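With mmCIF, N, CA and C atoms inside, this is model.cif:
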data_start
#
loop_
_atom_site.label_atom_id
_atom_site.label_comp_id
_atom_site.auth_asym_id
_atom_site.auth_seq_id
_atom_site.Cartn_x
_atom_site.Cartn_y
_atom_site.Cartn_z
N MET A 1 114.60 84.66 81.53
CA MET A 1 114.04 84.87 82.86
C MET A 1 112.55 85.16 82.73
N ALA A 2 111.77 84.55 83.58
CA ALA A 2 110.32 84.76 83.59
C ALA A 2 110.01 86.16 84.08
N SER A 3 108.96 86.75 83.53
CA SER A 3 108.55 88.07 84.02
C SER A 3 107.37 87.90 84.96
N GLY A 4 107.15 88.88 85.81
CA GLY A 4 106.05 88.83 86.76
C GLY A 4 106.45 89.48 88.06
N PHE A 5 105.88 88.99 89.14
CA PHE A 5 106.17 89.57 90.45
C PHE A 5 107.64 89.41 90.82
N VAL A 6 108.20 88.24 90.57
CA VAL A 6 109.61 87.97 90.86
C VAL A 6 110.39 88.22 89.59
N ASP A 7 111.38 89.09 89.65
CA ASP A 7 112.19 89.39 88.47
C ASP A 7 113.67 89.41 88.85
N GLU A 8 114.51 89.82 87.94
CA GLU A 8 115.96 89.83 88.18
C GLU A 8 116.35 90.61 89.43
N THR A 9 115.69 91.75 89.66
CA THR A 9 116.08 92.58 90.80
C THR A 9 115.74 91.94 92.13
N SER A 10 114.78 91.01 92.16
CA SER A 10 114.42 90.38 93.42
C SER A 10 115.05 89.00 93.60
N LEU A 11 115.95 88.64 92.70
CA LEU A 11 116.62 87.33 92.78
C LEU A 11 118.06 87.42 93.27
N TRP A 12 118.42 88.46 93.95
CA TRP A 12 119.80 88.62 94.41
C TRP A 12 120.19 87.54 95.41
N GLU A 13 119.24 86.86 96.02
CA GLU A 13 119.53 85.79 96.96
C GLU A 13 119.63 84.42 96.29
N TRP A 14 119.48 84.36 94.97
CA TRP A 14 119.47 83.06 94.30
C TRP A 14 120.75 82.28 94.58
N GLU A 15 121.89 82.95 94.60
CA GLU A 15 123.17 82.25 94.84
C GLU A 15 123.14 81.52 96.17
N HIS A 16 122.58 82.13 97.19
CA HIS A 16 122.49 81.48 98.51
C HIS A 16 121.54 80.29 98.45
N PHE A 17 120.40 80.45 97.76
CA PHE A 17 119.44 79.37 97.62
C PHE A 17 120.09 78.20 96.86
N ALA A 18 120.77 78.51 95.76
CA ALA A 18 121.40 77.47 94.94
C ALA A 18 122.49 76.74 95.74
N ALA A 19 123.19 77.45 96.61
CA ALA A 19 124.22 76.80 97.43
C ALA A 19 123.59 75.84 98.43
N GLU A 20 122.43 76.20 98.97
CA GLU A 20 121.77 75.33 99.94
C GLU A 20 121.00 74.19 99.28
N TYR A 21 120.54 74.41 98.04
CA TYR A 21 119.75 73.40 97.32
C TYR A 21 120.37 73.18 95.93
N PRO A 22 121.55 72.57 95.87
CA PRO A 22 122.24 72.42 94.58
C PRO A 22 121.44 71.63 93.55
N SER A 23 120.56 70.76 94.00
CA SER A 23 119.78 69.98 93.04
C SER A 23 118.77 70.85 92.29
N LEU A 24 118.45 72.02 92.81
CA LEU A 24 117.50 72.93 92.17
C LEU A 24 118.17 74.09 91.43
N ALA A 25 119.48 74.17 91.54
CA ALA A 25 120.21 75.31 90.99
C ALA A 25 119.98 75.50 89.50
N SER A 26 119.83 74.43 88.75
CA SER A 26 119.65 74.56 87.31
C SER A 26 118.20 74.82 86.92
N ALA A 27 117.31 74.77 87.88
CA ALA A 27 115.87 74.93 87.59
C ALA A 27 115.36 76.34 87.89
N ARG A 28 116.25 77.30 87.91
CA ARG A 28 115.88 78.67 88.32
C ARG A 28 114.69 79.22 87.54
N ASP A 29 114.76 79.21 86.22
CA ASP A 29 113.69 79.82 85.42
C ASP A 29 112.35 79.14 85.66
N GLY A 30 112.37 77.83 85.76
CA GLY A 30 111.14 77.09 86.01
C GLY A 30 110.55 77.38 87.38
N LEU A 31 111.42 77.47 88.39
CA LEU A 31 110.94 77.79 89.74
C LEU A 31 110.39 79.20 89.82
N VAL A 32 111.06 80.13 89.15
CA VAL A 32 110.59 81.52 89.15
C VAL A 32 109.24 81.61 88.44
N ALA A 33 109.08 80.88 87.34
CA ALA A 33 107.79 80.89 86.62
C ALA A 33 106.69 80.32 87.52
N ARG A 34 106.98 79.25 88.24
CA ARG A 34 105.98 78.66 89.14
C ARG A 34 105.63 79.63 90.28
N LEU A 35 106.65 80.29 90.82
CA LEU A 35 106.41 81.26 91.90
C LEU A 35 105.57 82.43 91.39
N ASN A 36 105.91 82.93 90.22
CA ASN A 36 105.10 84.03 89.64
C ASN A 36 103.66 83.60 89.41
N ALA A 37 103.46 82.39 88.93
CA ALA A 37 102.10 81.89 88.69
C ALA A 37 101.34 81.78 90.01
N ALA A 38 102.03 81.35 91.07
CA ALA A 38 101.37 81.20 92.37
C ALA A 38 101.04 82.56 92.98
N LEU A 39 101.88 83.55 92.75
CA LEU A 39 101.67 84.87 93.35
C LEU A 39 100.75 85.77 92.52
N ALA A 40 100.56 85.44 91.26
CA ALA A 40 99.78 86.32 90.36
C ALA A 40 98.40 86.67 90.89
N PRO A 41 97.60 85.72 91.38
CA PRO A 41 96.26 86.11 91.87
C PRO A 41 96.33 87.07 93.05
N THR A 42 97.34 86.94 93.85
CA THR A 42 97.48 87.79 95.03
C THR A 42 97.77 89.23 94.64
N PHE A 43 98.59 89.42 93.63
CA PHE A 43 99.05 90.76 93.29
C PHE A 43 98.39 91.33 92.04
N ARG A 44 97.48 90.61 91.42
CA ARG A 44 96.83 91.09 90.20
C ARG A 44 96.09 92.40 90.45
N ALA A 45 95.34 92.48 91.53
CA ALA A 45 94.57 93.70 91.82
C ALA A 45 95.47 94.90 92.02
N VAL A 46 96.63 94.69 92.61
CA VAL A 46 97.57 95.79 92.84
C VAL A 46 98.09 96.30 91.50
N ASP A 47 98.33 95.40 90.57
CA ASP A 47 98.81 95.83 89.26
C ASP A 47 97.77 96.65 88.52
N ASP A 48 96.49 96.28 88.67
CA ASP A 48 95.41 96.95 87.95
C ASP A 48 95.00 98.28 88.58
N ASP A 49 95.15 98.42 89.88
CA ASP A 49 94.66 99.59 90.60
C ASP A 49 95.60 99.89 91.76
N ARG A 50 96.26 101.03 91.73
CA ARG A 50 97.26 101.33 92.76
C ARG A 50 96.66 101.47 94.16
N ARG A 51 95.36 101.69 94.27
CA ARG A 51 94.70 101.80 95.58
C ARG A 51 94.15 100.46 96.07
N ALA A 52 94.24 99.42 95.24
CA ALA A 52 93.65 98.13 95.60
C ALA A 52 94.29 97.55 96.86
N ALA A 53 95.60 97.63 96.98
CA ALA A 53 96.27 97.07 98.16
C ALA A 53 95.79 97.77 99.42
N HIS A 54 95.61 99.09 99.34
CA HIS A 54 95.11 99.84 100.50
C HIS A 54 93.70 99.38 100.87
N ARG A 55 92.85 99.20 99.87
CA ARG A 55 91.48 98.78 100.15
C ARG A 55 91.44 97.38 100.77
N VAL A 56 92.29 96.49 100.29
CA VAL A 56 92.35 95.14 100.86
C VAL A 56 92.83 95.23 102.31
N TRP A 57 93.88 96.01 102.53
CA TRP A 57 94.46 96.15 103.86
C TRP A 57 93.46 96.77 104.84
N SER A 58 92.70 97.75 104.39
CA SER A 58 91.81 98.48 105.29
C SER A 58 90.40 97.91 105.38
N ALA A 59 90.09 96.88 104.62
CA ALA A 59 88.72 96.35 104.57
C ALA A 59 88.19 95.95 105.94
N ALA A 60 88.98 95.19 106.70
CA ALA A 60 88.52 94.73 108.02
C ALA A 60 88.34 95.93 108.96
N TRP A 61 89.24 96.88 108.88
CA TRP A 61 89.14 98.06 109.74
C TRP A 61 87.89 98.86 109.38
N LEU A 62 87.61 99.02 108.10
CA LEU A 62 86.42 99.76 107.69
C LEU A 62 85.15 99.01 108.04
N ASP A 63 85.20 97.67 108.03
CA ASP A 63 84.05 96.89 108.50
C ASP A 63 83.76 97.19 109.96
N ARG A 64 84.81 97.33 110.76
CA ARG A 64 84.63 97.68 112.17
C ARG A 64 84.00 99.07 112.27
N CYS A 65 84.44 99.99 111.44
CA CYS A 65 83.87 101.34 111.44
C CYS A 65 82.39 101.31 111.05
N ARG A 66 82.06 100.49 110.05
CA ARG A 66 80.65 100.36 109.64
C ARG A 66 79.80 99.84 110.79
N ALA A 67 80.33 98.85 111.52
CA ALA A 67 79.59 98.29 112.66
C ALA A 67 79.40 99.34 113.75
N ALA A 68 80.44 100.11 114.03
CA ALA A 68 80.34 101.16 115.05
C ALA A 68 79.33 102.22 114.64
N TYR A 69 79.33 102.58 113.36
CA TYR A 69 78.39 103.58 112.87
C TYR A 69 76.96 103.04 112.91
N ALA A 70 76.79 101.78 112.52
CA ALA A 70 75.45 101.17 112.53
C ALA A 70 74.91 101.08 113.95
N ALA A 71 75.78 100.80 114.90
CA ALA A 71 75.34 100.62 116.29
C ALA A 71 75.13 101.95 117.02
N GLY A 72 75.96 102.95 116.72
CA GLY A 72 75.88 104.17 117.49
C GLY A 72 75.87 105.46 116.71
N GLY A 73 75.72 105.38 115.39
CA GLY A 73 75.70 106.59 114.58
C GLY A 73 77.02 107.34 114.65
N THR A 74 76.93 108.64 114.43
CA THR A 74 78.12 109.49 114.43
C THR A 74 78.85 109.42 115.77
N ASP A 75 78.09 109.48 116.86
CA ASP A 75 78.70 109.43 118.19
C ASP A 75 79.46 108.11 118.39
N GLY A 76 78.84 107.01 118.03
CA GLY A 76 79.49 105.70 118.18
C GLY A 76 80.73 105.56 117.33
N LEU A 77 80.67 106.05 116.10
CA LEU A 77 81.82 105.98 115.21
C LEU A 77 82.97 106.82 115.74
N LEU A 78 82.68 108.05 116.15
CA LEU A 78 83.75 108.92 116.68
C LEU A 78 84.36 108.34 117.95
N ALA A 79 83.53 107.77 118.81
CA ALA A 79 84.05 107.16 120.04
C ALA A 79 84.94 105.97 119.71
N ASP A 80 84.51 105.15 118.75
CA ASP A 80 85.30 103.99 118.36
C ASP A 80 86.62 104.40 117.73
N LEU A 81 86.60 105.38 116.84
CA LEU A 81 87.83 105.84 116.20
C LEU A 81 88.80 106.42 117.22
N ALA A 82 88.28 107.18 118.19
CA ALA A 82 89.14 107.73 119.24
C ALA A 82 89.73 106.60 120.07
N GLY A 83 88.91 105.61 120.39
CA GLY A 83 89.38 104.47 121.16
C GLY A 83 90.47 103.67 120.45
N GLN A 84 90.43 103.67 119.14
CA GLN A 84 91.45 102.97 118.35
C GLN A 84 92.72 103.80 118.20
N GLY A 85 92.64 105.07 118.57
CA GLY A 85 93.79 105.94 118.40
C GLY A 85 93.99 106.37 116.95
N ALA A 86 92.90 106.42 116.20
CA ALA A 86 93.00 106.83 114.80
C ALA A 86 93.46 108.28 114.72
N PRO A 87 94.29 108.62 113.75
CA PRO A 87 94.66 110.03 113.55
C PRO A 87 93.41 110.84 113.24
N ALA A 88 93.40 112.08 113.68
CA ALA A 88 92.22 112.93 113.50
C ALA A 88 91.85 113.09 112.03
N ALA A 89 92.83 113.24 111.15
CA ALA A 89 92.53 113.41 109.72
C ALA A 89 91.86 112.16 109.17
N VAL A 90 92.30 110.98 109.59
CA VAL A 90 91.68 109.74 109.14
C VAL A 90 90.27 109.64 109.69
N ALA A 91 90.10 109.99 110.96
CA ALA A 91 88.76 109.95 111.57
C ALA A 91 87.80 110.87 110.83
N VAL A 92 88.25 112.04 110.47
CA VAL A 92 87.39 112.98 109.73
C VAL A 92 87.08 112.43 108.35
N ALA A 93 88.08 111.84 107.68
CA ALA A 93 87.84 111.27 106.34
C ALA A 93 86.82 110.14 106.42
N VAL A 94 86.94 109.27 107.42
CA VAL A 94 85.99 108.17 107.59
C VAL A 94 84.60 108.73 107.88
N LEU A 95 84.53 109.68 108.80
CA LEU A 95 83.24 110.27 109.15
C LEU A 95 82.57 110.90 107.93
N ARG A 96 83.35 111.64 107.13
CA ARG A 96 82.80 112.27 105.93
C ARG A 96 82.29 111.22 104.95
N ALA A 97 83.01 110.09 104.84
CA ALA A 97 82.57 109.02 103.94
C ALA A 97 81.23 108.45 104.39
N PHE A 98 81.06 108.30 105.70
CA PHE A 98 79.82 107.74 106.22
C PHE A 98 78.67 108.74 106.16
N LEU A 99 78.95 110.01 106.38
CA LEU A 99 77.90 111.02 106.38
C LEU A 99 77.49 111.43 104.97
N GLY A 100 78.37 111.27 104.01
CA GLY A 100 78.05 111.65 102.64
C GLY A 100 77.78 113.13 102.52
N ASP A 101 76.73 113.50 101.80
CA ASP A 101 76.39 114.91 101.57
C ASP A 101 76.09 115.66 102.87
N ALA A 102 75.63 114.93 103.88
CA ALA A 102 75.29 115.56 105.16
C ALA A 102 76.53 116.05 105.91
N ALA A 103 77.70 115.65 105.46
CA ALA A 103 78.94 116.04 106.15
C ALA A 103 79.21 117.54 106.02
N GLY A 104 78.74 118.16 104.96
CA GLY A 104 79.02 119.58 104.76
C GLY A 104 80.48 119.79 104.36
N ALA A 105 80.97 120.98 104.65
CA ALA A 105 82.36 121.32 104.32
C ALA A 105 83.32 120.57 105.26
N PRO A 106 84.55 120.34 104.82
CA PRO A 106 85.51 119.66 105.69
C PRO A 106 85.66 120.33 107.06
N ALA A 107 85.67 121.64 107.10
CA ALA A 107 85.82 122.34 108.38
C ALA A 107 84.66 122.02 109.33
N GLU A 108 83.47 121.81 108.78
CA GLU A 108 82.32 121.46 109.63
C GLU A 108 82.49 120.08 110.24
N THR A 109 83.00 119.14 109.46
CA THR A 109 83.22 117.80 109.97
C THR A 109 84.34 117.79 111.00
N ILE A 110 85.37 118.58 110.77
CA ILE A 110 86.47 118.69 111.74
C ILE A 110 85.93 119.26 113.04
N ALA A 111 85.11 120.30 112.94
CA ALA A 111 84.52 120.89 114.15
C ALA A 111 83.66 119.88 114.90
N LEU A 112 82.92 119.05 114.17
CA LEU A 112 82.11 117.99 114.78
C LEU A 112 83.00 117.03 115.57
N LEU A 113 84.11 116.64 114.97
CA LEU A 113 85.06 115.76 115.65
C LEU A 113 85.62 116.42 116.91
N LEU A 114 86.03 117.65 116.78
CA LEU A 114 86.66 118.34 117.92
C LEU A 114 85.68 118.62 119.06
N ARG A 115 84.39 118.69 118.78
CA ARG A 115 83.39 118.89 119.83
C ARG A 115 83.03 117.59 120.55
N HIS A 116 83.38 116.46 119.95
CA HIS A 116 83.02 115.17 120.54
C HIS A 116 83.89 114.93 121.78
N PRO A 117 83.28 114.47 122.88
CA PRO A 117 84.03 114.27 124.13
C PRO A 117 85.24 113.33 123.98
N ALA A 118 85.14 112.32 123.14
CA ALA A 118 86.25 111.39 122.97
C ALA A 118 87.46 112.03 122.30
N TRP A 119 87.23 113.15 121.62
CA TRP A 119 88.32 113.84 120.92
C TRP A 119 88.75 115.12 121.62
N ALA A 120 88.30 115.33 122.86
CA ALA A 120 88.64 116.55 123.60
C ALA A 120 90.15 116.72 123.74
N ALA A 121 90.85 115.63 124.00
CA ALA A 121 92.31 115.72 124.16
C ALA A 121 92.97 116.17 122.86
N THR A 122 92.45 115.70 121.74
CA THR A 122 93.00 116.11 120.44
C THR A 122 92.80 117.61 120.24
N ALA A 123 91.61 118.09 120.56
CA ALA A 123 91.32 119.51 120.40
C ALA A 123 92.20 120.36 121.32
N ALA A 124 92.49 119.84 122.51
CA ALA A 124 93.29 120.59 123.49
C ALA A 124 94.77 120.60 123.15
N LEU A 125 95.20 119.73 122.25
CA LEU A 125 96.63 119.66 121.91
C LEU A 125 97.15 120.93 121.27
N ASP A 126 96.31 121.64 120.58
CA ASP A 126 96.77 122.80 119.83
C ASP A 126 96.02 124.04 120.29
N ASP A 127 96.78 124.99 120.84
CA ASP A 127 96.17 126.23 121.30
C ASP A 127 95.66 127.06 120.12
N ARG A 128 96.22 126.85 118.98
CA ARG A 128 95.82 127.61 117.80
C ARG A 128 94.85 126.77 116.98
N LEU A 129 93.61 126.73 117.40
CA LEU A 129 92.61 125.87 116.78
C LEU A 129 92.47 126.12 115.28
N ARG A 130 92.56 127.36 114.85
CA ARG A 130 92.42 127.64 113.43
C ARG A 130 93.54 126.98 112.62
N ASP A 131 94.78 127.02 113.14
CA ASP A 131 95.89 126.35 112.46
C ASP A 131 95.67 124.84 112.44
N PHE A 132 95.17 124.32 113.55
CA PHE A 132 94.92 122.89 113.66
C PHE A 132 93.86 122.45 112.63
N ILE A 133 92.78 123.21 112.54
CA ILE A 133 91.72 122.89 111.58
C ILE A 133 92.26 123.04 110.15
N GLY A 134 93.08 124.03 109.91
CA GLY A 134 93.69 124.20 108.58
C GLY A 134 94.57 123.01 108.22
N SER A 135 95.35 122.52 109.17
CA SER A 135 96.20 121.35 108.93
C SER A 135 95.36 120.12 108.64
N LEU A 136 94.30 119.93 109.42
CA LEU A 136 93.43 118.78 109.19
C LEU A 136 92.74 118.87 107.83
N THR A 137 92.31 120.06 107.47
CA THR A 137 91.65 120.24 106.18
C THR A 137 92.60 119.90 105.04
N THR A 138 93.84 120.35 105.15
CA THR A 138 94.85 120.04 104.13
C THR A 138 95.09 118.54 104.06
N ALA A 139 95.23 117.89 105.22
CA ALA A 139 95.47 116.45 105.25
C ALA A 139 94.27 115.69 104.69
N LEU A 140 93.09 116.17 105.01
CA LEU A 140 91.87 115.51 104.55
C LEU A 140 91.78 115.52 103.02
N ARG A 141 92.22 116.59 102.41
CA ARG A 141 92.16 116.70 100.96
C ARG A 141 93.03 115.64 100.28
N THR A 142 94.05 115.14 100.98
CA THR A 142 94.97 114.17 100.39
C THR A 142 94.53 112.73 100.63
N LEU A 143 93.53 112.51 101.49
CA LEU A 143 93.09 111.15 101.79
C LEU A 143 91.96 110.73 100.87
N GLU A 144 92.08 109.51 100.37
CA GLU A 144 91.03 108.93 99.54
C GLU A 144 90.81 107.52 100.07
N LEU A 145 89.66 107.26 100.64
CA LEU A 145 89.42 105.95 101.24
C LEU A 145 88.85 104.95 100.26
N GLY A 146 88.19 105.40 99.23
CA GLY A 146 87.64 104.49 98.25
C GLY A 146 86.54 103.60 98.80
N LEU A 147 85.68 104.15 99.64
CA LEU A 147 84.58 103.37 100.19
C LEU A 147 83.52 103.10 99.15
#
Could you quickly redo this structure as structure tokens?
Amino acid sequence: MASGFVDETSLWEWEHFAAEYPSLASARDGLVARLNAALAPTFRAVDDDRRAAHRVWSAAWLDRCRAAYAAGGTDGLLADLAGQGAPAAVAVAVLRAFLGDAAGAPAETIALLLRHPAWAATAALDDRLRDFIGSLTTALRTLELGL
């Protein structure tokens, strides 16, 4: 059996395929090798870097964030993220990535988000603002965007 993206554990449907295409039933190893060769460029980055798939998936979204930041600065980015319905922790992580050293401590960036008019509803969701900021700070520590 060929090794690669398609392996024994992902071939449980082979019997059904072979029943529908009996002329190909004896060519299993060759077909699997061809499929692995075709899929290799797509999944190579994922094998090398566990965050690669996330970066590929989020690239277009982060490009939109870059455009919003370029057009409207912090205010524009926060308004765009709120309009997209981004989770507050993700919005803070993105904002911190764009602000760099100017972002200050995570709690300062969270406070900046919560003061923004587009995020007023988020701030009003929790009567215990300190607990809310603590939860966001904890969540923020676990996010890595890889910008």
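Applied to the file shown here, the PyMOL selection byres ((chain A and resi 67-81) around 8) selects the residues Trp61, Leu62, Asp63, Arg64, Cys65, Arg66, Ala82, Gly83, Gln84, Gly85, Ala86, Pro87, Val90, Ala91, Leu95, Phe98, Leu113, His116, Pro117, Ala118 and Trp119 of chain A.
Proximity ranking of A:Ala27, A:Ala33, A:Ala121, A:Ala139 relative to Ala93 in chain A places A:Ala139 first, based on only C-alpha atoms.
Between Thr137 in chain A and the residues A:Val56, A:Leu114, A:Ala102, A:Val92, the shortest atom-to-atom distance, using only C-alpha atoms, involves A:Val92.
A straight line drawn from atom N of Leu136 in chain A to atom C of Ala88 in chain A is 7.7 Å long.
Counting from atom N of Leu24 in chain A, the distance to atom N of Pro41 in chain A is 25.0 Å.
Atom N of Leu143 in chain A sits 17.7 Å away from CA of Ala111 in chain A.
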Check: Where does DSSP see alpha helix (DSSP H) in range 12-135 of chain A, if you list the residues as a PyMOL selection string?
Finding: chain A and resi 14-20+28-48+52-84+88-99+106-115+120-124+129-135
